[in-house]
$ cat work_15.cif   # mmCIF, C-alpha atoms (C1' of nucleotides)
data_coords
#
loop_
_atom_site.label_atom_id
_atom_site.label_comp_id
_atom_site.auth_asym_id
_atom_site.auth_seq_id
_atom_site.Cartn_x
_atom_site.Cartn_y
_atom_site.Cartn_z
CA MET A 1 0.00 0.00 0.00
CA THR A 2 1.37 3.40 -0.92
CA ASP A 3 1.57 6.21 1.56
CA GLU A 4 0.18 8.75 -0.82
CA VAL A 5 -2.41 10.94 0.83
CA ARG A 6 -5.90 10.74 -0.58
CA TRP A 7 -7.23 14.21 0.15
CA LEU A 8 -10.92 14.92 -0.01
CA ASP A 9 -12.01 16.46 -3.29
CA ALA A 10 -13.93 19.71 -3.33
CA ASP A 11 -17.37 18.13 -3.01
CA GLU A 12 -16.30 15.76 -0.30
CA GLN A 13 -14.75 18.65 1.55
CA THR A 14 -17.99 20.60 1.32
CA TRP A 15 -20.08 17.71 2.56
CA TRP A 16 -17.72 16.87 5.35
CA ARG A 17 -17.68 20.41 6.64
CA ALA A 18 -21.43 20.61 6.39
CA TYR A 19 -21.53 17.53 8.55
CA LEU A 20 -19.10 18.82 11.14
CA ARG A 21 -20.74 22.15 11.50
CA ALA A 22 -24.36 21.13 11.36
CA ASN A 23 -23.43 18.60 13.93
CA ARG A 24 -22.18 21.23 16.33
CA GLU A 25 -25.23 23.35 15.72
CA ILE A 26 -27.60 20.48 16.29
CA ASP A 27 -25.89 19.48 19.50
CA ALA A 28 -25.89 23.03 20.76
CA ALA A 29 -29.53 23.53 19.85
CA LEU A 30 -30.73 20.31 21.47
CA ASP A 31 -28.69 21.00 24.55
CA ARG A 32 -29.98 24.53 24.79
CA ASP A 33 -33.58 23.43 24.41
CA LEU A 34 -33.17 20.84 27.16
CA ALA A 35 -31.17 23.16 29.38
CA CYS A 36 -34.36 25.20 29.84
CA HIS A 37 -35.72 22.14 31.59
CA GLY A 38 -32.64 21.57 33.67
CA VAL A 39 -30.92 18.65 31.98
CA SER A 40 -28.24 18.16 29.38
CA LEU A 41 -28.66 16.03 26.30
CA SER A 42 -26.50 13.28 27.72
CA GLU A 43 -28.50 13.17 30.93
CA TYR A 44 -31.66 12.99 28.89
CA GLU A 45 -30.36 10.15 26.79
CA LEU A 46 -29.53 8.18 29.89
CA LEU A 47 -32.96 8.72 31.39
CA SER A 48 -34.64 7.99 28.11
CA MET A 49 -32.87 4.67 27.62
CA LEU A 50 -33.77 3.68 31.16
CA SER A 51 -37.40 4.57 30.63
CA GLU A 52 -37.64 2.27 27.64
CA ALA A 53 -35.82 -0.63 29.21
CA GLU A 54 -37.57 -3.65 30.67
CA GLY A 55 -38.43 -2.82 34.24
CA ARG A 56 -36.96 0.63 33.66
CA ARG A 57 -33.62 -0.75 34.77
CA LEU A 58 -30.33 -1.38 33.05
CA ARG A 59 -26.84 -2.46 33.91
CA MET A 60 -24.40 0.44 33.97
CA SER A 61 -22.33 -1.00 31.17
CA ALA A 62 -25.34 -1.74 28.97
CA LEU A 63 -26.35 1.87 29.44
CA ALA A 64 -22.88 3.08 28.58
CA GLU A 65 -22.88 1.11 25.37
CA LEU A 66 -26.38 2.21 24.41
CA ILE A 67 -25.67 5.88 24.69
CA VAL A 68 -22.07 5.60 23.51
CA GLN A 69 -20.42 7.06 26.56
CA SER A 70 -17.54 5.90 28.73
CA ARG A 71 -18.39 3.89 31.81
CA SER A 72 -16.82 6.58 33.90
CA ARG A 73 -19.02 9.24 32.40
CA VAL A 74 -22.10 7.17 33.03
CA THR A 75 -21.05 6.71 36.65
CA HIS A 76 -20.73 10.46 37.13
CA THR A 77 -23.93 11.25 35.29
CA ALA A 78 -25.84 8.62 37.22
CA ALA A 79 -24.50 10.04 40.46
CA ARG A 80 -25.84 13.45 39.53
CA LEU A 81 -29.23 12.03 38.60
CA GLU A 82 -29.29 9.98 41.77
CA ARG A 83 -28.80 13.13 43.82
CA ARG A 84 -31.96 14.43 42.21
CA GLY A 85 -33.80 11.28 43.09
CA TRP A 86 -34.48 10.35 39.50
CA VAL A 87 -32.46 7.19 39.49
CA ARG A 88 -31.44 4.52 41.97
CA ARG A 89 -28.44 2.22 42.12
CA THR A 90 -28.94 -1.42 43.09
CA PRO A 91 -26.51 -4.34 43.05
CA ALA A 92 -26.94 -6.70 40.11
CA PRO A 93 -28.53 -9.95 41.27
CA ASP A 94 -26.57 -12.21 38.98
CA ASP A 95 -23.16 -10.54 39.02
CA GLY A 96 -21.49 -9.32 42.18
CA ARG A 97 -19.54 -6.71 40.24
CA GLY A 98 -22.52 -5.27 38.50
CA VAL A 99 -24.80 -2.39 39.27
CA VAL A 100 -28.31 -2.00 37.98
CA LEU A 101 -29.56 1.52 37.52
CA GLU A 102 -33.27 1.97 37.97
CA LEU A 103 -35.53 4.85 37.10
CA THR A 104 -37.55 6.07 40.08
CA PRO A 105 -41.15 7.22 39.73
CA ASP A 106 -39.91 10.80 39.96
CA GLY A 107 -37.43 10.02 37.26
CA LEU A 108 -40.10 8.57 35.06
CA ALA A 109 -42.25 11.63 35.50
CA ALA A 110 -39.29 13.78 34.61
CA VAL A 111 -38.46 11.89 31.41
CA GLU A 112 -42.03 12.04 30.29
CA ARG A 113 -42.04 15.75 30.75
CA LEU A 114 -38.67 16.19 29.10
CA ALA A 115 -39.60 14.01 26.16
CA LEU A 116 -42.25 16.48 25.09
CA ALA A 117 -39.73 19.27 24.86
CA HIS A 118 -37.10 17.09 23.31
CA VAL A 119 -39.14 15.64 20.49
CA ALA A 120 -40.26 19.13 19.54
CA SER A 121 -36.65 20.25 19.54
CA VAL A 122 -35.50 17.35 17.38
CA ARG A 123 -38.29 17.98 14.92
CA ARG A 124 -37.70 21.67 14.80
CA HIS A 125 -33.99 21.51 14.22
CA VAL A 126 -33.66 18.36 12.17
CA VAL A 127 -36.54 16.08 11.23
CA ASP A 128 -38.98 18.70 10.05
CA VAL A 129 -36.47 20.68 8.04
CA LEU A 130 -35.61 17.67 5.91
CA ALA A 131 -37.65 15.93 3.24
CA PRO A 132 -38.55 12.45 4.49
CA SER A 133 -36.26 10.88 1.92
CA GLN A 134 -33.44 13.12 3.04
CA PHE A 135 -33.88 12.23 6.66
CA ARG A 136 -34.03 8.59 5.74
CA ALA A 137 -30.81 8.90 3.76
CA LEU A 138 -29.18 10.64 6.68
CA GLY A 139 -30.24 7.92 9.08
CA GLU A 140 -29.15 5.14 6.80
CA ALA A 141 -25.78 6.70 6.14
CA MET A 142 -25.20 7.06 9.85
CA ALA A 143 -26.28 3.48 10.44
CA THR A 144 -23.76 2.40 7.84
CA VAL A 145 -21.07 4.34 9.63
CA ARG A 146 -21.98 2.66 12.88
CA ALA A 147 -21.92 -0.78 11.33
CA ALA A 148 -18.50 -0.16 9.84
CA TYR A 149 -17.26 1.22 13.13
CA ALA A 150 -18.48 -1.83 14.98
CA ALA A 151 -16.86 -4.11 12.42
CA ASP A 152 -13.53 -2.30 12.55
CA PRO A 153 -11.17 -4.69 14.30
CA THR A 154 -9.08 -1.85 15.71
CA THR A 155 -12.10 -0.09 17.12
CA PRO A 156 -11.65 -0.44 20.81
CA PRO A 157 -8.89 2.11 21.06
CA THR A 158 -5.54 0.85 20.05
CA PRO A 159 -3.76 2.96 22.64
CA CYS A 160 -2.06 5.18 20.13
CA ASP A 161 -0.13 4.97 16.93
CA PRO A 162 1.52 8.32 16.29
CA ARG A 163 3.02 6.81 13.18
CA MET B 1 -51.91 25.23 16.40
CA THR B 2 -52.69 22.27 18.60
CA ASP B 3 -50.38 21.18 21.39
CA GLU B 4 -50.57 17.54 20.43
CA VAL B 5 -47.18 15.89 20.49
CA ARG B 6 -45.93 14.59 17.18
CA TRP B 7 -43.74 11.71 18.26
CA LEU B 8 -41.25 10.20 15.88
CA ASP B 9 -42.54 7.07 14.16
CA ALA B 10 -40.56 3.85 14.33
CA ASP B 11 -38.42 4.58 11.28
CA GLU B 12 -37.73 8.13 12.29
CA GLN B 13 -36.77 6.91 15.74
CA THR B 14 -34.34 4.42 14.22
CA TRP B 15 -32.74 7.01 11.97
CA TRP B 16 -32.50 9.58 14.68
CA ARG B 17 -30.79 7.22 17.06
CA ALA B 18 -28.44 6.06 14.34
CA TYR B 19 -27.56 9.70 13.89
CA LEU B 20 -27.02 10.42 17.57
CA ARG B 21 -24.89 7.39 18.19
CA ALA B 22 -22.85 7.35 15.02
CA ASN B 23 -22.22 10.94 15.79
CA ARG B 24 -20.72 10.16 19.16
CA GLU B 25 -18.67 7.37 17.68
CA ILE B 26 -17.34 9.54 14.89
CA ASP B 27 -16.40 12.32 17.27
CA ALA B 28 -14.71 9.91 19.61
CA ALA B 29 -12.84 8.21 16.79
CA LEU B 30 -11.62 11.44 15.22
CA ASP B 31 -10.60 12.80 18.57
CA ARG B 32 -8.78 9.64 19.47
CA ASP B 33 -6.92 9.54 16.18
CA LEU B 34 -5.81 13.14 16.64
CA ALA B 35 -5.04 12.70 20.32
CA CYS B 36 -2.16 10.47 19.26
CA HIS B 37 -0.68 13.55 17.72
CA GLY B 38 -1.35 15.75 20.68
CA VAL B 39 -4.35 17.82 19.64
CA SER B 40 -8.10 17.60 19.99
CA LEU B 41 -10.51 17.85 17.08
CA SER B 42 -11.52 21.37 18.01
CA GLU B 43 -7.92 22.51 18.17
CA TYR B 44 -7.32 20.94 14.81
CA GLU B 45 -10.32 22.65 13.29
CA LEU B 46 -9.10 26.00 14.49
CA LEU B 47 -5.62 25.45 13.08
CA SER B 48 -7.02 24.11 9.87
CA MET B 49 -9.27 27.12 9.27
CA LEU B 50 -6.34 29.42 9.95
CA SER B 51 -4.13 27.55 7.53
CA GLU B 52 -6.62 28.04 4.73
CA ALA B 53 -7.31 31.67 5.42
CA GLU B 54 -5.75 34.50 3.46
CA GLY B 55 -2.44 35.30 5.07
CA ARG B 56 -3.10 32.43 7.48
CA ARG B 57 -4.82 34.90 9.77
CA LEU B 58 -8.37 35.41 10.90
CA ARG B 59 -10.30 37.56 13.29
CA MET B 60 -11.26 35.71 16.46
CA SER B 61 -14.94 36.09 15.81
CA ALA B 62 -14.69 34.95 12.19
CA LEU B 63 -12.91 31.88 13.46
CA ALA B 64 -15.56 31.27 16.07
CA GLU B 65 -18.28 31.41 13.50
CA LEU B 66 -16.42 29.19 11.04
CA ILE B 67 -15.90 26.37 13.46
CA VAL B 68 -19.19 26.89 15.30
CA GLN B 69 -17.79 27.54 18.72
CA SER B 70 -18.41 30.23 21.31
CA ARG B 71 -16.08 33.20 21.29
CA SER B 72 -15.04 32.28 24.78
CA ARG B 73 -14.08 28.80 23.74
CA VAL B 74 -12.02 30.10 20.87
CA THR B 75 -10.21 32.45 23.25
CA HIS B 76 -9.29 29.58 25.54
CA THR B 77 -8.31 27.26 22.71
CA ALA B 78 -6.22 29.96 21.07
CA ALA B 79 -4.48 30.62 24.38
CA ARG B 80 -3.52 26.97 24.60
CA LEU B 81 -2.23 26.93 21.04
CA GLU B 82 -0.37 30.16 21.63
CA ARG B 83 1.46 28.58 24.54
CA ARG B 84 2.70 25.96 22.10
CA GLY B 85 3.86 28.63 19.73
CA TRP B 86 1.54 27.55 16.94
CA VAL B 87 -0.48 30.71 16.85
CA ARG B 88 0.03 34.38 17.54
CA ARG B 89 -2.37 37.12 18.62
CA THR B 90 -2.13 40.54 17.01
CA PRO B 91 -4.41 43.56 17.30
CA ALA B 92 -6.72 44.07 14.34
CA PRO B 93 -5.51 47.01 12.24
CA ASP B 94 -8.96 48.32 11.33
CA ASP B 95 -10.80 47.74 14.60
CA GLY B 96 -9.40 48.58 17.98
CA ARG B 97 -11.53 45.94 19.66
CA GLY B 98 -10.52 43.14 17.34
CA VAL B 99 -7.81 40.53 17.53
CA VAL B 100 -6.33 38.75 14.56
CA LEU B 101 -5.05 35.26 15.15
CA GLU B 102 -2.17 34.21 12.97
CA LEU B 103 -0.66 30.83 12.32
CA THR B 104 3.08 30.75 13.00
CA PRO B 105 5.49 28.76 10.81
CA ASP B 106 5.61 26.12 13.55
CA GLY B 107 1.83 26.09 13.56
CA LEU B 108 1.73 25.65 9.82
CA ALA B 109 4.13 22.76 10.00
CA ALA B 110 1.99 21.21 12.71
CA VAL B 111 -1.25 21.49 10.73
CA GLU B 112 0.35 20.00 7.69
CA ARG B 113 1.50 17.05 9.70
CA LEU B 114 -1.83 16.71 11.47
CA ALA B 115 -3.79 16.94 8.25
CA LEU B 116 -2.26 13.71 7.00
CA ALA B 117 -3.47 11.82 10.03
CA HIS B 118 -6.81 13.56 10.05
CA VAL B 119 -7.80 12.97 6.46
CA ALA B 120 -6.95 9.31 6.86
CA SER B 121 -9.08 9.20 9.97
CA VAL B 122 -12.04 10.88 8.30
CA ARG B 123 -11.81 8.53 5.35
CA ARG B 124 -11.47 5.48 7.47
CA HIS B 125 -14.38 6.21 9.77
CA VAL B 126 -16.76 7.97 7.44
CA VAL B 127 -16.05 8.79 3.82
CA ASP B 128 -14.70 5.45 2.72
CA VAL B 129 -17.34 3.37 4.45
CA LEU B 130 -20.13 5.11 2.53
CA ALA B 131 -21.08 4.86 -1.11
CA PRO B 132 -20.38 8.21 -2.78
CA SER B 133 -24.09 8.82 -3.22
CA GLN B 134 -24.64 8.10 0.46
CA PHE B 135 -21.96 10.48 1.54
CA ARG B 136 -23.36 13.09 -0.76
CA ALA B 137 -26.81 12.61 0.69
CA LEU B 138 -25.40 12.91 4.17
CA GLY B 139 -23.60 16.12 3.32
CA GLU B 140 -26.58 17.63 1.62
CA ALA B 141 -28.92 16.76 4.45
CA MET B 142 -26.57 18.37 6.91
CA ALA B 143 -26.24 21.44 4.73
CA THR B 144 -30.03 21.68 4.69
CA VAL B 145 -30.09 21.50 8.46
CA ARG B 146 -27.53 24.28 8.65
CA ALA B 147 -29.47 26.47 6.26
CA ALA B 148 -32.66 26.00 8.25
CA TYR B 149 -30.80 26.70 11.45
CA ALA B 150 -29.37 29.89 10.06
CA ALA B 151 -32.80 30.96 8.82
CA ASP B 152 -34.50 30.23 12.14
CA PRO B 153 -35.35 33.64 13.57
CA THR B 154 -35.09 32.36 17.14
CA THR B 155 -31.69 30.89 16.53
CA PRO B 156 -29.43 33.08 18.55
CA PRO B 157 -30.52 31.66 21.86
CA THR B 158 -33.74 33.01 23.15
CA PRO B 159 -32.61 32.83 26.76
CA CYS B 160 -35.03 30.14 27.77
CA ASP B 161 -38.63 29.19 27.35
CA PRO B 162 -39.43 26.42 29.80
CA ARG B 163 -42.97 26.53 28.52
"C1'" DG C 1 -18.08 65.82 21.61
"C1'" DT C 2 -20.96 63.37 25.02
"C1'" DG C 3 -23.75 59.73 25.85
"C1'" DC C 4 -25.42 55.30 24.78
"C1'" DG C 5 -26.27 50.86 23.03
"C1'" DG C 6 -23.95 47.33 20.58
"C1'" DT C 7 -19.93 44.47 19.33
"C1'" DA C 8 -15.10 42.13 20.23
"C1'" DG C 9 -12.74 39.73 23.15
"C1'" DT C 10 -11.08 38.18 27.82
"C1'" DT C 11 -11.41 36.42 32.39
"C1'" DG C 12 -12.25 33.37 36.25
"C1'" DA C 13 -15.30 30.35 38.52
"C1'" DC C 14 -18.02 26.44 38.04
"C1'" DG C 15 -19.30 22.07 36.36
"C1'" DG C 16 -18.92 18.20 33.32
"C1'" DT C 17 -15.71 14.89 30.89
"C1'" DT C 18 -11.57 12.33 30.57
"C1'" DC C 19 -7.97 9.64 32.15
"C1'" DA C 20 -5.39 6.58 34.91
"C1'" DA C 21 -5.36 4.16 39.03
"C1'" DC C 22 -7.87 1.39 41.99
"C1'" DT C 23 -11.24 -2.25 44.20
"C1'" DA C 24 -13.83 -6.09 43.75
"C1'" DT C 25 -15.69 -9.85 41.52
"C1'" DG C 26 -15.99 -13.39 37.93
"C1'" DC C 27 -14.02 -17.06 35.33
"C1'" DC C 28 -10.74 -20.21 33.45
"C1'" DT C 29 -6.93 -23.41 34.14
"C1'" DC C 30 -4.09 -26.53 36.40
"C1'" DG D 1 -8.96 -24.19 45.25
"C1'" DA D 2 -5.09 -20.99 44.10
"C1'" DG D 3 -3.23 -18.09 40.69
"C1'" DG D 4 -3.96 -15.15 37.09
"C1'" DC D 5 -6.29 -12.54 33.74
"C1'" DA D 6 -10.47 -10.13 32.39
"C1'" DT D 7 -14.56 -7.45 33.40
"C1'" DA D 8 -17.67 -4.00 36.19
"C1'" DG D 9 -17.67 -0.10 38.27
"C1'" DT D 10 -15.80 3.86 41.08
"C1'" DT D 11 -12.75 7.56 42.33
"C1'" DG D 12 -10.25 11.89 42.22
"C1'" DA D 13 -7.38 14.96 39.73
"C1'" DA D 14 -6.58 17.40 35.63
"C1'" DC D 15 -8.47 19.38 31.84
"C1'" DC D 16 -11.78 21.57 28.86
"C1'" DG D 17 -16.04 24.12 27.89
"C1'" DT D 18 -19.71 27.21 29.57
"C1'" DC D 19 -21.48 31.07 31.61
"C1'" DA D 20 -21.86 35.60 33.38
"C1'" DA D 21 -19.39 39.57 34.31
"C1'" DC D 22 -16.18 42.67 32.74
"C1'" DT D 23 -13.12 45.94 29.72
"C1'" DA D 24 -12.54 48.31 25.71
"C1'" DC D 25 -13.84 50.08 21.62
"C1'" DC D 26 -17.10 51.35 17.71
"C1'" DG D 27 -20.63 54.17 15.77
"C1'" DC D 28 -24.69 56.59 15.91
"C1'" DA D 29 -27.63 60.38 17.66
"C1'" DC D 30 -28.28 64.69 19.50
#
$ encode --input "work_15.cif" --output "C-alpha cells"
Amino acid sequence: MTDEVRWLDADEQTWWRAYLRANREIDAALDRDLACHGVSLSEYELLSMLSEAEGRRLRMSALAELIVQSRSRVTHTAARLERRGWVRRTPAPDDGRGVVLELTPDGLAAVERLALAHVASVRRHVVDVLAPSQFRALGEAMATVRAAYAADPTTPPTPCDPR
Amino acid sequence: MTDEVRWLDADEQTWWRAYLRANREIDAALDRDLACHGVSLSEYELLSMLSEAEGRRLRMSALAELIVQSRSRVTHTAARLERRGWVRRTPAPDDGRGVVLELTPDGLAAVERLALAHVASVRRHVVDVLAPSQFRALGEAMATVRAAYAADPTTPPTPCDPR
DNA sequence: GTGCGGTAGTTGACGGTTCAACTATGCCTC
DNA sequence: GAGGCATAGTTGAACCGTCAACTACCGCAC
C-alpha cells in the first residue's frame, strides 16, 4: 500500500464540513432546548434509555454502550441524577460486580415531561427541516457508519499509533 | 396550532438514534486519532481554518463562526495553542476591539503534519465506508439543516422558554 | 463631543468529561 | 482451590467548555 495521501475532493470537503458544522449546531440547539428544563442532552439520553428498558432498569455497562459514553461518564452522570432522586443504584442480582440503575417514579415523570420538549426540539432543528427521503438517507448513512465502526477490528482504542 | 405531540414514528426513531450514536462514535474516533498527535478535534479545526485563510490569519470572531464555537471557547483554545507557539495574537488594524489570530510557521508545519493523520481518519471512519451517493446525501442533508438553522429567527438563543 | 447601546474579546469560577489508578468480583486453568 | 487474567464499576485529579461579568472600543444620535 502506498503512503500517498488521498485528500478529499472539493465536493467531499464541502459535505464533510457541512456535517461537522451542522453537527455542532444540532448538539448546541438540542442541549440549549433541554437546558431550559434543567438537563443536558446526555442526561436525557440516559434517562430515556432507562425509561424504555424492561423494568426501567439497566446495567451500567449496557447503558454506557447504548448511549455511547464511557463507563466513567455514566457513573458520574448517574451520580448526579441519583442526587436528584431520578435514578437509583442497586446491586446486580446475577453478578457481584454489576450495578443495575433503575428509574424512580420521579425520574419517570421527569423523562415524560422532558420528552415532550425534546421531540419538539428534534423535529424543529432536524426532522422537520428535511424531506422524508433526506432524513431517511441521513439515518441510513449514519447506520452504515456505525456498522463499519463496529466491524472495525481496531475499534476499541488501540492505545495510540503516532506513526 | 394544537399542542398535540408529534412523536417520531418507528423509522424516524431508528434514523434519529443512528444519527445520535454514530455521531458520538465519529467524534470519539476522530478525537482519538488526533489525540495520538497531541491535539483535539476542536484545536485541529481551528488550526485548519487558519491555515486556509488568506495570510493564514483570521479575526477571532470569524474563526468562532467558522468552526461553530463560542467566542469564549475560541479564546481559551487559542491561548492553549499560543502557549505551544503555533499561533500568535495581534491587534486588528482596522478595529481597535478586534484581535487577529495568525498561524506561526511552527503552527503551519503542525497542521500540515496533522492533516495527514486527520484525512486518513475521516476517510477510514466515514467517507470510505459510505457509497459516494450516500456520503453526498449525508452532506446535503446536513447542509439543509444548517441552512434552516441559520434561517430560524429564534436561533441566537432566546434565553429560555421552559414553557 | 458626550452619551449610549452594541460588538469584540477576555477572564475566572463552576461544572462536566476524561484519564489513569484502583477495588472487587468473575471465570478459566491446572 | 489458588493463581492469574479479564470485566464492572468507582474515584479523584486534571483538563476543557460554559457562563456571566467585565473591559474596551465602535458608531450613531443629539
$ closest_atom_pairs --input "work_15.cif" --of "chain A" --to "chain C" --cutoff "9 Å" --atoms "all atoms listed in the file" --output "Markdown table"
| residue | atom | partner | partner_atom | distance |
| --- | --- | --- | --- | --- |
| A:Ser70 | CA | C:DT18 | C1' | 9.0 |
| A:Ser72 | CA | C:DT18 | C1' | 8.5 |
| A:Arg73 | CA | C:DT17 | C1' | 6.7 |
| A:His76 | CA | C:DG16 | C1' | 8.8 |
| A:Thr77 | CA | C:DG16 | C1' | 8.8 |
| A:Asp95 | CA | C:DG26 | C1' | 7.8 |
| A:Gly96 | CA | C:DT25 | C1' | 5.9 |
| A:Arg97 | CA | C:DT25 | C1' | 5.1 |
| A:Gly98 | CA | C:DT25 | C1' | 8.8 |
$ interface_residues --input "work_15.cif" --of "chain B" --to "chain A" --cutoff "8 Å" --atoms "only C-alpha atoms" --output "PyMOL selection string"
chain B and resi 5-8+12+14-16+18-19+21-25+32-33+36-37+67-68+116+119-120+125-126+129-130+134-146+148-149+157+160-162
$ resolve_selection --input "work_15.cif" --expression "the PyMOL selection byres ((chain A and resi 105) around 12)" --output "mmCIF file with C-alpha atoms, in the coordinates of the input"
data_model
loop_
_atom_site.group_PDB
_atom_site.id
_atom_site.type_symbol
_atom_site.label_atom_id
_atom_site.label_comp_id
_atom_site.auth_asym_id
_atom_site.auth_seq_id
_atom_site.Cartn_x
_atom_site.Cartn_y
_atom_site.Cartn_z
ATOM 1 C CA LEU A 47 -32.960 8.720 31.390
ATOM 2 C CA LEU A 50 -33.770 3.680 31.160
ATOM 3 C CA SER A 51 -37.400 4.570 30.630
ATOM 4 C CA GLY A 55 -38.430 -2.820 34.240
ATOM 5 C CA ARG A 56 -36.960 0.630 33.660
ATOM 6 C CA ARG A 84 -31.960 14.430 42.210
ATOM 7 C CA GLY A 85 -33.800 11.280 43.090
ATOM 8 C CA TRP A 86 -34.480 10.350 39.500
ATOM 9 C CA VAL A 87 -32.460 7.190 39.490
ATOM 10 C CA ARG A 88 -31.440 4.520 41.970
ATOM 11 C CA GLU A 102 -33.270 1.970 37.970
ATOM 12 C CA LEU A 103 -35.530 4.850 37.100
ATOM 13 C CA THR A 104 -37.550 6.070 40.080
ATOM 14 C CA ASP A 106 -39.910 10.800 39.960
ATOM 15 C CA GLY A 107 -37.430 10.020 37.260
ATOM 16 C CA LEU A 108 -40.100 8.570 35.060
ATOM 17 C CA ALA A 109 -42.250 11.630 35.500
ATOM 18 C CA ALA A 110 -39.290 13.780 34.610
ATOM 19 C CA VAL A 111 -38.460 11.890 31.410
ATOM 20 C CA GLU A 112 -42.030 12.040 30.290
#
$ resolve_selection --input "work_15.cif" --expression "the PyMOL selection byres ((chain D) within 9 of (chain A))" --output "number ranges by chain"
D: 7-10
$ atom_distance --input "work_15.cif" --atom1 "atom CA of B:Leu41" --atom2 "atom CA of A:Ala64"
22.4 Å
$ axis_aligned_box --input "work_15.cif" --around "stretch 141-145 of chain A" --padding-each-side "8 Å" --output "AutoDock Vina command-line options"
--center_x -23.7 --center_y 4.7 --center_z 8.3 --size_x 21.2 --size_y 20.7 --size_z 20.3
$ atom_distance --input "work_15.cif" --atom1 "atom CA of B:Arg113" --atom2 "atom CA of B:Pro91"
28.2 Å
$ atom_distance --input "work_15.cif" --atom1 "atom C1' of D:DC25" --atom2 "atom CA of B:Val100"
15.3 Å
$ decode --input "work_15.cif" --residues "stretch 7-18 of chain D" --atoms "N, CA and C atoms (P, O5', C5', C4', C3', O3' and C1' of nucleotides)" --output "tab-separated table (two decimals), in the first residue's frame"
chain	number	residue	atom	x	y	z
D	7	DT	P	-12.34	-8.68	28.93
D	7	DT	O5'	-13.43	-8.36	30.03
D	7	DT	C5'	-14.30	-9.38	30.47
D	7	DT	C4'	-15.11	-8.84	31.63
D	7	DT	C3'	-15.73	-7.46	31.36
D	7	DT	O3'	-17.10	-7.54	31.70
D	7	DT	C1'	-14.56	-7.45	33.40
D	8	DA	P	-18.05	-6.28	31.62
D	8	DA	O5'	-18.08	-5.78	33.14
D	8	DA	C5'	-18.82	-6.50	34.11
D	8	DA	C4'	-19.14	-5.58	35.29
D	8	DA	C3'	-19.65	-4.21	34.89
D	8	DA	O3'	-20.78	-3.90	35.70
D	8	DA	C1'	-17.67	-4.00	36.19
D	9	DG	P	-21.60	-2.57	35.43
D	9	DG	O5'	-20.81	-1.57	36.37
D	9	DG	C5'	-20.78	-1.84	37.78
D	9	DG	C4'	-19.77	-0.95	38.45
D	9	DG	C3'	-19.99	0.54	38.25
D	9	DG	O3'	-20.58	1.04	39.45
D	9	DG	C1'	-17.67	-0.10	38.27
D	10	DT	P	-20.72	2.59	39.71
D	10	DT	O5'	-19.30	2.95	40.35
D	10	DT	C5'	-18.90	2.24	41.51
D	10	DT	C4'	-17.65	2.87	42.10
D	10	DT	C3'	-17.75	4.37	42.34
D	10	DT	O3'	-17.29	4.57	43.68
D	10	DT	C1'	-15.80	3.86	41.08
D	11	DT	P	-17.52	6.01	44.35
D	11	DT	O5'	-16.08	6.69	44.24
D	11	DT	C5'	-14.93	5.94	44.65
D	11	DT	C4'	-13.66	6.68	44.26
D	11	DT	C3'	-13.74	8.20	44.41
D	11	DT	O3'	-12.82	8.59	45.42
D	11	DT	C1'	-12.75	7.56	42.33
D	12	DG	P	-12.90	10.00	46.11
D	12	DG	O5'	-11.76	10.78	45.31
D	12	DG	C5'	-10.46	10.21	45.23
D	12	DG	C4'	-9.61	11.03	44.30
D	12	DG	C3'	-9.77	12.54	44.41
D	12	DG	O3'	-8.48	13.10	44.21
D	12	DG	C1'	-10.25	11.89	42.22
D	13	DA	P	-8.22	14.65	44.52
D	13	DA	O5'	-7.15	14.97	43.37
D	13	DA	C5'	-6.35	13.91	42.83
D	13	DA	C4'	-5.91	14.27	41.43
D	13	DA	C3'	-5.71	15.77	41.19
D	13	DA	O3'	-4.61	15.93	40.32
D	13	DA	C1'	-7.38	14.96	39.73
D	14	DA	P	-4.07	17.40	39.99
D	14	DA	O5'	-4.24	17.47	38.40
D	14	DA	C5'	-3.93	16.34	37.61
D	14	DA	C4'	-4.46	16.57	36.22
D	14	DA	C3'	-4.29	18.00	35.70
D	14	DA	O3'	-3.86	17.92	34.36
D	14	DA	C1'	-6.58	17.40	35.63
D	15	DC	P	-3.58	19.27	33.51
D	15	DC	O5'	-4.73	19.28	32.42
D	15	DC	C5'	-5.20	18.05	31.85
D	15	DC	C4'	-6.51	18.33	31.17
D	15	DC	C3'	-6.55	19.68	30.45
D	15	DC	O3'	-6.92	19.44	29.11
D	15	DC	C1'	-8.47	19.38	31.84
D	16	DC	P	-6.81	20.61	28.02
D	16	DC	O5'	-8.34	20.83	27.66
D	16	DC	C5'	-9.17	19.69	27.40
D	16	DC	C4'	-10.62	20.14	27.43
D	16	DC	C3'	-10.91	21.41	26.64
D	16	DC	O3'	-11.96	21.09	25.74
D	16	DC	C1'	-11.78	21.57	28.86
D	17	DG	P	-12.55	22.17	24.75
D	17	DG	O5'	-13.85	22.62	25.54
D	17	DG	C5'	-14.93	21.69	25.67
D	17	DG	C4'	-16.10	22.38	26.34
D	17	DG	C3'	-16.61	23.64	25.64
D	17	DG	O3'	-18.03	23.51	25.53
D	17	DG	C1'	-16.04	24.12	27.89
D	18	DT	P	-18.94	24.79	25.11
D	18	DT	O5'	-19.39	25.37	26.52
D	18	DT	C5'	-19.99	24.49	27.46
D	18	DT	C4'	-20.63	25.30	28.57
D	18	DT	C3'	-21.41	26.52	28.09
D	18	DT	O3'	-22.60	26.57	28.87
D	18	DT	C1'	-19.71	27.21	29.57
